[in-house]
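What follows is my_file.cif (mmCIF, C-alpha atoms).
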data_target
loop_
_atom_site.label_atom_id
_atom_site.label_comp_id
_atom_site.auth_asym_id
_atom_site.auth_seq_id
_atom_site.Cartn_x
_atom_site.Cartn_y
_atom_site.Cartn_z
CA MET A 1 3.05 -5.01 29.89
CA GLN A 2 -0.18 -5.97 28.09
CA GLU A 3 0.86 -3.80 25.13
CA THR A 4 4.20 -5.65 24.88
CA ILE A 5 2.41 -9.01 24.95
CA GLU A 6 0.05 -7.87 22.18
CA LYS A 7 2.95 -6.64 20.03
CA THR A 8 4.74 -9.97 20.50
CA ARG A 9 1.59 -11.88 19.50
CA ASP A 10 1.19 -9.69 16.42
CA MET A 11 4.82 -10.29 15.41
CA VAL A 12 4.43 -14.06 15.83
CA ARG A 13 1.25 -13.97 13.70
CA HIS A 14 3.02 -11.92 11.07
CA LEU A 15 6.03 -14.17 11.01
CA GLY A 16 3.65 -17.09 10.69
CA ALA A 17 2.29 -15.51 7.51
CA VAL A 18 5.83 -14.93 6.21
CA ASN A 19 6.80 -18.50 7.06
CA ALA A 20 3.77 -19.81 5.16
CA ILE A 21 4.70 -17.70 2.13
CA LEU A 22 8.32 -18.86 2.28
CA GLU A 23 7.26 -22.48 2.63
CA LYS A 24 4.81 -22.19 -0.27
CA ASN A 25 7.71 -20.91 -2.37
CA HIS A 26 10.02 -23.69 -1.10
CA ASN A 27 12.39 -21.11 0.46
CA ASP A 28 13.71 -20.62 -3.07
CA PRO A 29 15.81 -17.46 -3.44
CA SER A 30 14.96 -17.35 -7.16
CA ARG A 31 11.34 -16.69 -6.05
CA LEU A 32 12.31 -13.55 -4.14
CA ILE A 33 10.05 -11.17 -6.10
CA PRO A 34 6.89 -13.31 -5.75
CA ILE A 35 7.72 -13.83 -2.07
CA LEU A 36 8.06 -10.09 -1.49
CA GLN A 37 4.84 -9.46 -3.41
CA GLU A 38 2.91 -11.89 -1.21
CA VAL A 39 4.48 -10.54 1.96
CA GLN A 40 3.54 -7.01 0.94
CA GLU A 41 -0.03 -8.16 0.32
CA VAL A 42 -0.20 -9.26 3.95
CA TYR A 43 1.50 -6.23 5.53
CA LYS A 44 0.85 -3.53 2.92
CA TYR A 45 4.59 -2.73 2.99
CA LEU A 46 8.01 -4.29 3.58
CA SER A 47 9.44 -3.38 6.97
CA ARG A 48 13.14 -3.60 7.81
CA ASP A 49 12.42 -6.54 10.12
CA ILE A 50 10.56 -8.44 7.42
CA ILE A 51 13.25 -7.75 4.80
CA SER A 52 15.89 -9.02 7.23
CA TYR A 53 13.80 -12.08 8.12
CA VAL A 54 13.18 -12.98 4.46
CA ALA A 55 16.88 -12.55 3.66
CA THR A 56 17.93 -14.76 6.56
CA SER A 57 15.31 -17.37 5.68
CA LEU A 58 16.45 -17.49 2.05
CA ASP A 59 20.13 -17.36 3.01
CA VAL A 60 20.79 -14.29 0.86
CA PRO A 61 22.34 -10.97 1.88
CA VAL A 62 19.94 -8.43 3.36
CA ALA A 63 21.38 -5.89 0.91
CA HIS A 64 20.18 -8.05 -1.99
CA VAL A 65 16.60 -8.22 -0.69
CA TYR A 66 16.66 -4.50 0.11
CA GLY A 67 18.02 -3.79 -3.38
CA VAL A 68 15.16 -5.69 -5.01
CA ALA A 69 12.60 -4.03 -2.74
CA THR A 70 13.89 -0.54 -3.59
CA PHE A 71 14.45 -1.16 -7.31
CA TYR A 72 10.85 -2.00 -8.16
CA ALA A 73 8.30 0.80 -7.72
CA HIS A 74 5.65 -1.77 -6.78
CA PHE A 75 7.27 -2.34 -3.39
CA SER A 76 6.86 0.03 -0.49
CA LEU A 77 9.12 0.39 2.53
CA ASN A 78 6.56 2.58 4.28
CA PRO A 79 3.23 1.52 5.76
CA LYS A 80 0.23 1.96 3.47
CA GLY A 81 -3.36 2.60 4.39
CA ARG A 82 -6.16 0.04 4.32
CA HIS A 83 -7.63 1.90 1.35
CA ILE A 84 -5.34 2.71 -1.57
CA ILE A 85 -6.37 5.58 -3.83
CA ARG A 86 -4.44 5.65 -7.12
CA LEU A 87 -4.85 8.79 -9.17
CA CYS A 88 -3.72 8.78 -12.78
CA ASP A 89 -1.46 11.63 -13.84
CA GLY A 90 -1.00 10.50 -17.44
CA THR A 91 -1.44 13.04 -20.23
CA ALA A 92 -5.19 12.51 -20.76
CA CYS A 93 -5.96 12.62 -17.04
CA HIS A 94 -3.67 15.58 -16.43
CA VAL A 95 -5.29 17.57 -19.26
CA LYS A 96 -8.72 16.76 -17.80
CA LYS A 97 -7.65 18.24 -14.46
CA SER A 98 -6.71 15.25 -12.32
CA HIS A 99 -4.78 17.66 -10.10
CA GLY A 100 -8.07 19.09 -8.82
CA ILE A 101 -8.84 15.64 -7.45
CA LEU A 102 -5.36 15.33 -5.98
CA ASN A 103 -5.63 18.72 -4.27
CA MET A 104 -9.02 17.77 -2.80
CA LEU A 105 -7.63 14.46 -1.49
CA TYR A 106 -4.59 16.15 0.04
CA LYS A 107 -6.76 18.73 1.76
CA LYS A 108 -9.48 16.32 2.92
CA LEU A 109 -7.07 13.69 4.22
CA ASN A 110 -4.42 16.11 5.51
CA LEU A 111 -1.80 14.73 3.12
CA GLY A 112 0.78 16.20 0.74
CA GLU A 113 3.77 15.48 -1.46
CA ASP A 114 5.84 14.26 1.49
CA LYS A 115 3.01 12.51 3.33
CA ARG A 116 0.94 10.06 1.29
CA THR A 117 -0.65 7.97 4.09
CA THR A 118 -3.04 9.19 6.77
CA ASP A 119 -1.93 8.99 10.40
CA ASP A 120 -4.64 6.42 11.15
CA LEU A 121 -3.45 4.25 8.22
CA MET A 122 -6.90 4.41 6.66
CA PHE A 123 -5.86 5.93 3.30
CA THR A 124 -2.83 6.08 1.05
CA VAL A 125 -2.88 8.33 -2.02
CA GLU A 126 -0.62 7.35 -4.90
CA LEU A 127 -0.04 9.38 -8.04
CA VAL A 128 0.62 6.99 -10.93
CA SER A 129 1.90 7.61 -14.46
CA CYS A 130 -0.91 5.81 -16.29
CA LEU A 131 -3.77 3.49 -15.45
CA GLY A 132 -4.44 2.54 -19.05
CA ALA A 133 -7.97 3.91 -19.21
CA CYS A 134 -7.38 7.18 -21.05
CA GLY A 135 -10.89 7.19 -22.53
CA LEU A 136 -12.27 7.48 -18.98
CA ALA A 137 -10.01 10.38 -17.95
CA PRO A 138 -9.54 11.47 -15.28
CA VAL A 139 -9.33 8.04 -13.70
CA VAL A 140 -9.06 7.12 -10.03
CA VAL A 141 -8.73 3.57 -8.71
CA ILE A 142 -9.87 3.09 -5.13
CA ASP A 143 -9.28 -0.36 -3.65
CA ASP A 144 -8.97 -1.84 -7.15
CA GLU A 145 -12.29 -0.31 -8.27
CA VAL A 146 -12.00 1.98 -11.32
CA HIS A 147 -13.78 5.34 -11.23
CA GLY A 148 -13.78 7.04 -14.63
CA GLN A 149 -14.61 10.63 -15.56
CA SER A 150 -13.92 11.53 -11.97
CA THR A 151 -14.38 14.89 -10.35
CA PRO A 152 -13.26 16.15 -6.95
CA ASP A 153 -16.88 15.99 -5.73
CA LYS A 154 -17.41 12.41 -6.97
CA ILE A 155 -14.21 11.15 -5.33
CA GLU A 156 -14.87 13.07 -2.11
CA LYS A 157 -18.27 11.37 -1.85
CA ILE A 158 -16.64 7.93 -2.25
CA VAL A 159 -14.03 8.76 0.40
CA ASP A 160 -16.80 9.95 2.75
CA GLU A 161 -18.66 6.66 2.19
CA ILE A 162 -15.52 4.68 3.05
CA ILE A 163 -14.99 6.73 6.21
CA ALA A 164 -18.64 6.21 7.25
CA ALA A 165 -18.40 2.45 6.60
CA GLU A 166 -15.21 2.23 8.68
CA LYS A 167 -16.85 4.10 11.56
CA ALA A 168 -19.94 1.88 11.39
CA ALA A 169 -17.76 -1.25 11.48
CA ASN A 170 -16.01 -0.09 14.66
#
Whole structure, C-alpha cells version:
Amino acid sequence: MQETIEKTRDMVRHLGAVNAILEKNHNDPSRLIPILQEVQEVYKYLSRDIISYVATSLDVPVAHVYGVATFYAHFSLNPKGRHIIRLCDGTACHVKKSHGILNMLYKKLNLGEDKRTTDDLMFTVELVSCLGACGLAPVVVIDDEVHGQSTPDKIEKIVDEIIAAEKAAN
C-alpha cells in the first residue's frame, strides 16, 4: 500500500514537471522538440506514459510524438543512469584503442552491446561517433566532463571515485 502511494506521489511530481515545461512552452505543438528535450532532462528518458501525456497535452497524435522521439538519436525511450559515460568511437579514438576502455567499462559495470545501463541506474555507457576532440584521443565524456588521452585504468579510477561518492552520499 505504502509503495503504491509513493509511486502515485512520484507520478504527480513528474507530471508537475511536465506541466511546467508545457506551460513554459505555451503548450505549442511547434515546440515539440524543445519540450521533449526538457522532459528528457528531468527523467533521463521518454517513457510511454510521458510521450502519451505530452501528445494529449499538445493535442497531437501520440504517433507523431513517438515518431519525433524515435527519429532523433538524442532521445532515449529507455531509462538512463545518473552518470552518463560517452566514449568516442571516431577514427582517431578508435585507432588509439578506445575499445579497450569500452571493454573495461562493460566488464566493470556488467554491461554489453544489448545492455547499456546498469541495473541500479547509476551508469549508462554510450558509444558515440565523434566528440570533436580528436587531438585528445581517445576521449571519454563523463557527466559532461571531458577526459582526453584516456586509458582503461584512468577511466576505471574515475568510475570507482563516482561509485565511492555515491556510497558516501547514501
Item to check | Separation of CA of Ala137 (chain A) from CA of Lys96 (chain A), in Å and rounded to one decimal | outcome: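 Between CA of Ala137 (chain A) and CA of Lys96 (chain A) the gap works out to 6.5 Å.
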Item to check | Residues within 12 Å of Thr70 (chain A), only C-alpha atoms, excluding chain neighbours under 6 positions, as JSON, numbers by chain | outcome: {"A": [33, 36, 45, 46, 47, 48, 51, 63, 64, 76, 77, 78]}
Checklist entry - Quick one: of A:Gly112, A:Leu131, A:Met104, A:Thr91, who's nearest to Glu145 (chain A), counting only C-alpha atoms? => result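 Of all the options, A:Leu131 lies closest to Glu145 (chain A).
Minimum atom-to-atom distance to Gln37 (chain A), evaluated using all atoms listed in the file, belongs to A:Ala69 out of A:Ala169, A:Ala69, A:Leu58, A:Leu15.
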Next on the checklist: Using the chain letters and numbers from this file, what does the PyMOL selection byres ((chain A and resi 101) around 12) select? Give the answer as JSON, numbers by chain.
Outcome noted: {"A": [85, 86, 87, 88, 89, 93, 94, 96, 97, 98, 99, 100, 102, 103, 104, 105, 106, 107, 108, 109, 125, 126, 127, 137, 138, 139, 140, 149, 150, 151, 152, 153, 154, 155, 156, 157, 159]}
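The shortest atom-to-atom distance to Glu41 (chain A), with only C-alpha atoms taken into account, belongs to A:Val18 out of A:Val18, A:Cys130, A:Val62, A:Ala55.
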Checklist entry - How many Å separate CA of His83 (chain A) from CA of Ile50 (chain A)? => result 21.8 Å
Checklist outcome for this item: From CA of Glu23 (chain A) to CA of Gly81 (chain A) the spacing works out at 27.3 Å
Checklist entry - Which of these residues is nearest to Asp143 (chain A), using only C-alpha atoms: A:Ser57, A:Thr124, A:Lys167, A:Asp160? => result A:Thr124
Calculate, to one decimal in Å, the centre and edge lengths of the box along x, y and z of the file that holds all listed atoms of region 146-157 of chain A with 5 Å of margin on each side, and present them as JSON.
{"center_x": -15.1, "center_y": 9.1, "center_z": -8.7, "size_x": 16.3, "size_y": 24.2, "size_z": 23.7}
Checklist entry - Taking into account all atoms listed in the file, which residue in the set A:His26, A:Val65, A:Val54, A:Gly148 is nearest to Cys134 (chain A)? => result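 Closest to Cys134 (chain A) of all the choices is A:Gly148.
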Checklist entry - Closest to Leu136 (chain A) among A:Ile84, A:Ala17, A:Ala92, A:Val60, using all atoms listed in the file? => result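 Checking each candidate against Leu136 (chain A), we get A:Ala92 as the closest.
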Checklist entry - So what does the PyMOL selection byres ((chain A and resi 122) around 9) actually pick up in this one, as a list of chain:residue names? => result A:Lys80, A:Gly81, A:Arg82, A:His83, A:Ile84, A:Thr117, A:Thr118, A:Asp119, A:Asp120, A:Leu121, A:Phe123, A:Thr124, A:Ile163, A:Glu166
Any chance you could model N, CA and C atoms for region 97-116 of chain A and send them as a short mmCIF file (atom, residue, chain, number, x, y, z; two decimals), in the coordinates of the input?
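Here's the written file selection-v2.cif:
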data_model
loop_
_atom_site.label_atom_id
_atom_site.label_comp_id
_atom_site.auth_asym_id
_atom_site.auth_seq_id
_atom_site.Cartn_x
_atom_site.Cartn_y
_atom_site.Cartn_z
N LYS A 97 -7.70 17.66 -15.80
CA LYS A 97 -7.65 18.24 -14.46
C LYS A 97 -7.65 17.24 -13.29
N SER A 98 -6.85 16.20 -13.42
CA SER A 98 -6.71 15.25 -12.32
C SER A 98 -6.13 15.91 -11.07
N HIS A 99 -5.39 17.00 -11.27
CA HIS A 99 -4.78 17.66 -10.10
C HIS A 99 -5.82 18.30 -9.17
N GLY A 100 -6.99 18.62 -9.69
CA GLY A 100 -8.07 19.09 -8.82
C GLY A 100 -8.49 18.01 -7.84
N ILE A 101 -8.51 16.78 -8.32
CA ILE A 101 -8.84 15.64 -7.45
C ILE A 101 -7.73 15.44 -6.43
N LEU A 102 -6.48 15.50 -6.89
CA LEU A 102 -5.36 15.33 -5.98
C LEU A 102 -5.37 16.39 -4.89
N ASN A 103 -5.59 17.64 -5.26
CA ASN A 103 -5.63 18.72 -4.27
C ASN A 103 -6.74 18.50 -3.25
N MET A 104 -7.92 18.04 -3.72
CA MET A 104 -9.02 17.77 -2.80
C MET A 104 -8.63 16.65 -1.83
N LEU A 105 -8.02 15.58 -2.35
CA LEU A 105 -7.63 14.46 -1.49
C LEU A 105 -6.59 14.90 -0.46
N TYR A 106 -5.61 15.66 -0.90
CA TYR A 106 -4.59 16.15 0.04
C TYR A 106 -5.23 16.98 1.15
N LYS A 107 -6.12 17.86 0.77
CA LYS A 107 -6.76 18.73 1.76
C LYS A 107 -7.66 17.92 2.69
N LYS A 108 -8.51 17.09 2.13
CA LYS A 108 -9.48 16.32 2.92
C LYS A 108 -8.79 15.36 3.88
N LEU A 109 -7.73 14.72 3.42
CA LEU A 109 -7.07 13.69 4.22
C LEU A 109 -5.83 14.19 4.95
N ASN A 110 -5.57 15.49 4.85
CA ASN A 110 -4.42 16.11 5.51
C ASN A 110 -3.11 15.45 5.05
N LEU A 111 -2.98 15.35 3.72
CA LEU A 111 -1.80 14.73 3.12
C LEU A 111 -1.08 15.74 2.24
N GLY A 112 0.02 15.33 1.64
CA GLY A 112 0.78 16.20 0.74
C GLY A 112 1.85 15.41 0.03
N GLU A 113 2.70 16.11 -0.69
CA GLU A 113 3.77 15.48 -1.46
C GLU A 113 4.65 14.57 -0.60
N ASP A 114 4.94 15.01 0.62
CA ASP A 114 5.84 14.26 1.49
C ASP A 114 5.11 13.30 2.42
N LYS A 115 3.80 13.37 2.44
CA LYS A 115 3.01 12.51 3.33
C LYS A 115 1.85 11.95 2.53
N ARG A 116 1.94 10.67 2.17
CA ARG A 116 0.94 10.06 1.29
C ARG A 116 -0.03 9.14 2.03
#
